[in-house]
Amino acid sequence: MIIGGIDLVEVVLEHVTKNFGQVTAADDISLKINDGELFFLLGPSGCGKTTTLRLIAGFYKPDQGKIFINKKIVNDIPPYKRNIGMVFQNYALWPHMTVYDNIIYGLKIQNVNPDSRVKKAKEVLKIVQMEPYALRYPNQLSGGQQQRIALARALVIEPEVLLLDEPLSNLDAKLRYETREEIKKIQKALGITSIYVTHDQSEALSMADKIAVMNQGRIEQIGTPLEIYNKPINRFVAGFIGETNFIEGKIEKIDQQNNLLTVKTKSDDKIFANDIKKPFTIDQDVVCSIRPEHIKVTKFENHLNEYNRFKGIIKNLNYYGSMEHYILDNIGTVDVKATNFNPEDLSNKIGDQIYFYFKPDDVDVFDLK
Amino acid sequence: MSKLSDLIKSYKTSDWKTISLFFLIMSFFTVFLLIPILYIFKGSFLVNGEFTLFYFSLMYSDPFYSQSIINSLIIAISSTILTTIIALPMAYFMVRYDFRGKSLVQGLLLIPLVMPPFVGAIGMKKMFARYGAVNLLLMQYNLIQQPIDWFAGGFFGIIILEALHLYPYLYLNLAASLANIDPTLEEQAENLGASGLQLFRTITLPLLIPGYLAGATIVFVWAFTDLGTPLIFEFTKVVPVIIFNMTKDIQINPMGYALTVSTLLLSIFFVIFARRYGSKKSYEMLGRGHIIPRVRKITGWKVPLVYLLIIFTVAAAMLPQISVILFSFAEEWFLTILPASYTLEYYKIAITSPLTTTGIINSLKYSTFSTLIDIVLGVTIGYLLARRQFPGKDILDSVSMLPLAIPGIVIAFGYVSTFTGTVLDPFFDPTLLLILSYSVRRLPYSVRASYSGFQQTSVSLEEASLSVGASPFKTLLYITAPLIMANVIAGGIMSFSAAMMEVSDSMILALKEQFYPISKAIYSADLRLGDGAYVASALGMVGTMIVTTCLLIANKLLGKSIGELFRA
C-alpha cells in the first residue's frame with residue numbers, strides 16, 4: 001500500500017488559545033496525539049472542538065501557544081503547506097468536477113505525473129469501494145457516497161494527518177452506524193494519525209483510541225473510552241458521557257479502613273461510595289453520580305445487599321425490548337433513573353412499590369463546584 | 001475612547017491586503033459618488049458663501065417650479081397606481097394559477113424591460129397622434145367623430161409609457177413574495193373558515209407588503225426622475241427636464257442644485273421608507289424546507305375572465321414595442337391606420353449615418369468599459385463582503401448599495417457640478433464620466449450578483465482545496481472562479497444592457513455629437529424634421545435588439561433566477 005505514513009507522525013498542542021473577539025473559543029489547549037492514533041475531540045456544540053481542529057488544519061492561527069506536527073512548529077505554516085487531509089462536515093465536494101477530478105485535484109496541484117495520478121486515484125477509490133462512480137458528478141451521489149469520496153480525496157494526497165470534522169453527521173442513523181466501522185477499518189489499515197471531531201458520544205466511545213472531552217473551550221478530560229466512561233473526573237464529563245443520576249449531599253464520614261465514603265443527602269438518606277482516593281473533607285458539598293444501568297430494581301427486600309438500599313415507587317416505566325427504563329420515586333427529593341437490561345420478569349407496573357440498590361463501587365463522587 | 005482604541009486594534013489584527021482593498025474601493029466611491037453628492041448639497045444651500053434656503057422656498061412660491069413639481073409627483077403617483085393595477089392581478093394569476101400558455105405569457109410580460117420608455121414614446125406618439133392609427137381606427141368605425149387628444153399634450157403619455165415600461169419591476173417583486181408565502185398559512189386560514197377575497201385581504205395581502213413596497217419604490221422613483229420620456233413628448237414642466245436644462249447654466253443658477261437635492265431626498269426617503277416599513281412588515285417564514293406555492297387550475301367562469309385580462313395586459317404592454325417596430329419599418333405612415341408601405345431604408349440609415357453609427361459605437365464602448373469596471377469592483381466588493389472580516393464592512397455594504405437610491409439624473413448633475421473645470425470636464429470630453437456614471441449606477445447589481453455567487457459557494461469548498469495543498473491563488477482560479485463565473489457574467493451582462501440604453505446620464509453628460517451615446521443619438525434624430533422619427537425608431541430597435549440579446553444570454557446563464565436581478 002502506498003498510502004499511509006512512513007514517519008511517526010505526532011500532533012502536539014501546547015497551551016493553545018484562540019479568541020474570536022470577546023469569546024475564547026479554545027482556551028489553553030494542551031494535548032498529544034500519538035502516531036497512528038484515532039483521536040477524538042468530543043463535546044457539546046460551541047465547546048471549541050471544531051476550532052481546535054481548524055487550528056490544527058491551519059485555517060485559524062493560534063493567539064497563543066504552539067502547534068507541532070511531526071515535531072515541527074506549524075503555527076506560521078499556511079494550511080496548503082501542512083500536508084493535512086481534511087474531511088468536511090458538508091463534504092465540500094467541488095460541484096463542477098467529477099468524482100475523479102475531485103480526487104486527483106490535490107495530486108495535480110502537487111504536480112504528480114499523470115500515470116501515478118491515475119494509479120493513486122484508482123487505489124483510493126478501491127479503498128472506499130467507489131470505483132464505479134469515478135465519472136459521476138457529486139450531485140449524482142447519495143450522502144454516504146459523497147462522504148466516501150470526501151474521505152478518498154483527503155487520503156489520496158497521502159497526508160501526514162487526517163482531520164475529520166463531524167464526517168457522519170449528515171448521514172441517516174443506519175448508514176452512520178455502518179460508516180463508523182468502515183472509517184475505523186481504513187484508518188487502522190493505513191495507520192494514519194487522525195483527529196476526529198464529533199458531538200456524538202457513542203461515535204467517540206465506539207471508535208476512538210483516545211478521547212478529549214471539551215467544554216467551553218477547555219479540555220475537561222483526556223483518556224481511553226473506558227476511562228472516560230467509567231472514571232469521569234468531574235461532573236461535566238459524567239453528565240455529558242452516557243446517562244447518569246446526580247444526587248447532591250455532604251461528606252459525612254471518610255472510612256479509610258473499609259475504603260468507604262458516606263454521603264448524606266439533603267433528605268438524610270445515606271449513599272456509600274468507594275471513591276475514597278479523592279481528597280475530600282468532612283462536610284464538603286459533593287454530588288454523587290450513579291449510572292442508571294448500575295441501579296438494580298427488585299420486588300423483594302431480601303435481595304438487598306448491605307449498602308445503598310432504597311425503597312420506592314415506580315413513577316414511570318418504559319419498555320424498549322432489550323431493556324426497561326424506570327423512573328423511581330425516589331432518593332430524598334430526587335427521582336432516580338434506572339435501566340434494566342434483558343428484563344426477564346415483566347410484571348412490574350407503574351405505581352408498584354419496589355426496592356432498588358447499587359454497589360458503592362458504582363458511585364462516583366465529585367466536588368459540587 | 002474605548003471604541004476608537006478597539007477600532008485601531010482591529011485594524012492592526014486585520015490583514016493589510018483586505019484593508020488596503022477596502023480603502024482603495026472607498027476612495028473610488030468617495031470621488032465618484034460621495035463628493036458629487038456633497039457638491040450638490042453645497043450648491044443648493046451655500047450661495048456666494050452664504051447659507052440660504054431661498055431656492056427651496058422658490059419651489060413653493062414660483063408657480064413654474066411648483067407646477068412642475070406637482071406634475072412630476074402626479075406622474076410618479078399615477079404611474080405607481082397604474083403599475084399596481086397591472087402587476088398585482090398578473091402576479092397573482094401567474095403564481096397561483098395553472099393555465100395553457102402560462103410560460104409564454106411569463107415571457108411576454110417581461111418584454112417591456114428591453115425597451116426604455118422614451119423609445120416607446122416615439123412610436124406611441126405616432127400611434128396616438130391626432131391623426132394617428134388609433135384615432136383613425138375609431139373614426140373609421142364611427143366610434144368617435146373628432147380625433148381625441150389621448151395624451152393630453154404628452155402628460156398622460158408619460159404616465160402610460162412609464163407604467164407600461166415599469167410594471168415588470170413590480171410584477172417580479174410581487175410574484176417573488178407571493179411564491180414565498182408558506183401555503184400552510186393560507187390553508188390554516190381556510191381551515192378556520194376564511195376564503196376568497198377575505199382570505200386574500202386578511203392573509204395574503206399583508207404578507208405581500210414588503211415585496212410590494214420594494215417594487216413600488218423602483219416604479220415611483222423611476223417615473224419621477226425619468227428624463228427621456230418627457231423630452232420626447234416635449235413636456236417641459238417636470239422636474240427632470242428642468243434639471244436637464246439647468247445643467248447648461250450650472251455655474252450661475254443654484255435652482256438646479258435645489259431641485260436635484262429635493263429629487264435625491266425624495267428618492268432616499270422612499271427607499272428608506274420601503275426598507276424600514278417593509279422589514280417591519282416582513283415575517284420570517286417559519287415553514288421548513290422548500291415552499292411549493294399553491295397552484296390551481298382555473299375553472300368555470302373564471303377561465304374567460306382571466307384570459308381576457310391577461311391578453312389585454314400583454315397587448316397593452318407590447319403596444320409601445322409594436323408601435324416602434326411599425327414606425328421603424330414604415331415607408332409612409334400618414335393618415336392611414338397601418339403604414340401604407342414598408343421599407344428597410346431607416347435601418348440602413350440607422351446603421352450607416354454618422355450620427356447614429358457614432359452613437360452605437362460610443363454606447364458599445366462606454367458600456368463595455370463600465371461593465372468591466374463593474375465586474376472588477378463587483379467581484380472585489382462581493383468577495384470582501386462575503387469572505388473577509390474587517391472594520392468598516394457595514395460601511396462598504398451600505399455605500400455600494402447606495403446608488404440604488406440615487407437617480408441617474410442626480411449623479412449626472414453632480415458630475416457636471418463637481419468636474420466642470422477639472423481634467424474630467426464633460427464639456428471637453430465626457431467619455432470617462434459617462435463610463436463611470438454608468439458603472440456606479442449599476443454597481444449594486446454587479447455586487448449583488450457576485451456576492452450571492454460567493455454566498456452560494458460554501459467556504460469549505462475553498463478550504464478543502466487549501467487542505468489538499470492548493471495555494472489561495474490556485475484555489476481562486478480552479479475552485480472559486482468557475483463556481484461564481486455564471487453569476488459574475490450574468491451581473492456583467494445586466495450592467496451592460498442597462499448602460500446601452502441609459503438615458504439621464506447620457507443626456508446630461510454627452511454634450512458634443514461626437515460623444516453621443518445611442519440614447520442621445522435617438523433623441524437628437526427624433527428632433528430632426530422629415531425622416532427623423534423614423535430613423536430614431538429604427539435606431540431604438542437596434543438598441544433594443546442589443547439589450548434583448550444580452551438579456552437572453554443572461555437568462556440562459558442564470559436560469560430562472562434572472563428575475564432576481566430586477567428586484568429591489
# chains A, B, ... in the order shown; residues from 1 in each chain; ligands from 1

$ residues_around --residues "Ile186 of chain A" --least-positions-apart "3" --cutoff "12 Å" --atoms "only C-alpha atoms" --output "PyMOL selection string"
chain A and resi 1+3-4+36+38+124+126-129+148+151-152+155+162+179-183+189-194+207

$ interface_residues --of "chain B" --to "chain A" --cutoff "9 Å" --atoms "only C-alpha atoms" --output "ChimeraX atom specification"
/B:458-472,474,479,482-483

$ select_by_dssp --residues "segment 386-527 of chain B" --states "helix (DSSP H, G or I)" --output "PyMOL selection string"
chain B and resi 386-387+393-405+408-419+431-456+459-467+472-500+504-509+513-515+518-527

$ closest_residue --among "A:Gly239, A:Pro114, A:Pro292, A:Pro62" --to "Thr339 of chain A" --atoms "only C-alpha atoms"
A:Pro292

$ residues_around --residues "Ser66 of chain B" --least-positions-apart "6" --cutoff "12 Å" --atoms "only C-alpha atoms" --output "PyMOL selection string"
chain B and resi 55-60+72-73+237-239+242+259

$ closest_residue --among "B:Ile25, B:Ile181, B:Leu170, B:Val416" --to "Gln251 of chain B" --atoms "only C-alpha atoms"
B:Val416

$ atom_distance --atom1 "atom CA of Glu10 of chain A" --atom2 "atom CA of Lys185 of chain A"
20.1 Å

$ decode --residues "segment 232-270 of chain B" --atoms "N, CA and C atoms" --output "short mmCIF file (atom, residue, chain, number, x, y, z; two decimals), in the first residue's frame"
data_model
loop_
_atom_site.label_atom_id
_atom_site.label_comp_id
_atom_site.auth_asym_id
_atom_site.auth_seq_id
_atom_site.Cartn_x
_atom_site.Cartn_y
_atom_site.Cartn_z
N ILE B 232 -39.21 63.46 -25.13
CA ILE B 232 -39.79 63.03 -26.40
C ILE B 232 -41.18 63.65 -26.58
N PHE B 233 -41.94 63.72 -25.48
CA PHE B 233 -43.28 64.31 -25.56
C PHE B 233 -43.22 65.84 -25.53
N GLU B 234 -42.03 66.38 -25.45
CA GLU B 234 -41.83 67.82 -25.37
C GLU B 234 -42.65 68.43 -24.23
N PHE B 235 -42.71 67.69 -23.15
CA PHE B 235 -43.42 68.17 -21.97
C PHE B 235 -42.37 68.69 -20.99
N THR B 236 -42.22 69.99 -20.91
CA THR B 236 -41.06 70.53 -20.20
C THR B 236 -41.32 70.85 -18.75
N LYS B 237 -42.60 70.87 -18.34
CA LYS B 237 -42.87 71.28 -16.97
C LYS B 237 -42.83 70.10 -16.00
N VAL B 238 -41.69 69.41 -16.00
CA VAL B 238 -41.45 68.37 -15.00
C VAL B 238 -40.03 68.56 -14.47
N VAL B 239 -39.80 68.04 -13.26
CA VAL B 239 -38.53 68.28 -12.58
C VAL B 239 -37.31 67.83 -13.39
N PRO B 240 -37.30 66.59 -13.93
CA PRO B 240 -36.08 66.15 -14.61
C PRO B 240 -35.72 67.05 -15.79
N VAL B 241 -36.72 67.51 -16.54
CA VAL B 241 -36.40 68.34 -17.70
C VAL B 241 -35.83 69.69 -17.24
N ILE B 242 -36.37 70.24 -16.15
CA ILE B 242 -35.83 71.50 -15.64
C ILE B 242 -34.37 71.30 -15.22
N ILE B 243 -34.12 70.22 -14.50
CA ILE B 243 -32.74 69.96 -14.08
C ILE B 243 -31.84 69.83 -15.31
N PHE B 244 -32.33 69.11 -16.30
CA PHE B 244 -31.57 68.92 -17.53
C PHE B 244 -31.22 70.27 -18.16
N ASN B 245 -32.22 71.13 -18.26
CA ASN B 245 -31.97 72.44 -18.85
C ASN B 245 -31.02 73.29 -18.02
N MET B 246 -31.05 73.03 -16.72
CA MET B 246 -30.23 73.87 -15.85
C MET B 246 -28.77 73.46 -15.81
N THR B 247 -28.47 72.25 -16.30
CA THR B 247 -27.05 71.88 -16.34
C THR B 247 -26.29 72.83 -17.25
N LYS B 248 -27.02 73.49 -18.15
CA LYS B 248 -26.33 74.37 -19.09
C LYS B 248 -25.83 75.64 -18.39
N ASP B 249 -26.58 76.11 -17.39
CA ASP B 249 -26.05 77.26 -16.65
C ASP B 249 -25.84 76.91 -15.18
N ILE B 250 -25.12 75.79 -15.03
CA ILE B 250 -24.94 75.23 -13.69
C ILE B 250 -24.14 76.16 -12.79
N GLN B 251 -23.27 77.01 -13.41
CA GLN B 251 -22.43 77.89 -12.60
C GLN B 251 -23.21 79.09 -12.08
N ILE B 252 -24.30 79.42 -12.77
CA ILE B 252 -24.96 80.68 -12.45
C ILE B 252 -26.19 80.46 -11.56
N ASN B 253 -27.02 79.48 -11.93
CA ASN B 253 -28.31 79.38 -11.28
C ASN B 253 -28.36 78.22 -10.28
N PRO B 254 -28.49 78.52 -9.01
CA PRO B 254 -28.50 77.45 -7.99
C PRO B 254 -29.79 76.64 -7.98
N MET B 255 -30.78 77.06 -8.75
CA MET B 255 -32.07 76.37 -8.71
C MET B 255 -31.92 74.89 -9.08
N GLY B 256 -31.05 74.61 -10.05
CA GLY B 256 -30.83 73.22 -10.46
C GLY B 256 -30.36 72.37 -9.29
N TYR B 257 -29.47 72.95 -8.48
CA TYR B 257 -28.97 72.22 -7.31
C TYR B 257 -30.10 71.91 -6.36
N ALA B 258 -30.92 72.95 -6.10
CA ALA B 258 -32.01 72.77 -5.13
C ALA B 258 -32.98 71.68 -5.60
N LEU B 259 -33.30 71.71 -6.90
CA LEU B 259 -34.22 70.68 -7.42
C LEU B 259 -33.59 69.29 -7.36
N THR B 260 -32.28 69.22 -7.66
CA THR B 260 -31.61 67.93 -7.62
C THR B 260 -31.59 67.38 -6.19
N VAL B 261 -31.28 68.27 -5.25
CA VAL B 261 -31.28 67.83 -3.85
C VAL B 261 -32.66 67.33 -3.45
N SER B 262 -33.69 68.05 -3.83
CA SER B 262 -35.05 67.61 -3.48
C SER B 262 -35.35 66.24 -4.08
N THR B 263 -34.97 66.07 -5.35
CA THR B 263 -35.19 64.78 -6.00
C THR B 263 -34.47 63.67 -5.26
N LEU B 264 -33.21 63.95 -4.89
CA LEU B 264 -32.42 62.94 -4.17
C LEU B 264 -33.07 62.60 -2.84
N LEU B 265 -33.48 63.65 -2.10
CA LEU B 265 -34.07 63.39 -0.80
C LEU B 265 -35.36 62.59 -0.91
N LEU B 266 -36.15 62.96 -1.92
CA LEU B 266 -37.40 62.22 -2.14
C LEU B 266 -37.11 60.75 -2.40
N SER B 267 -36.14 60.50 -3.27
CA SER B 267 -35.80 59.12 -3.62
C SER B 267 -35.29 58.36 -2.40
N ILE B 268 -34.37 59.00 -1.66
CA ILE B 268 -33.82 58.33 -0.48
C ILE B 268 -34.92 58.08 0.54
N PHE B 269 -35.81 59.06 0.70
CA PHE B 269 -36.91 58.87 1.64
C PHE B 269 -37.72 57.61 1.29
N PHE B 270 -38.04 57.47 0.00
CA PHE B 270 -38.86 56.33 -0.39
C PHE B 270 -38.12 55.01 -0.22
#
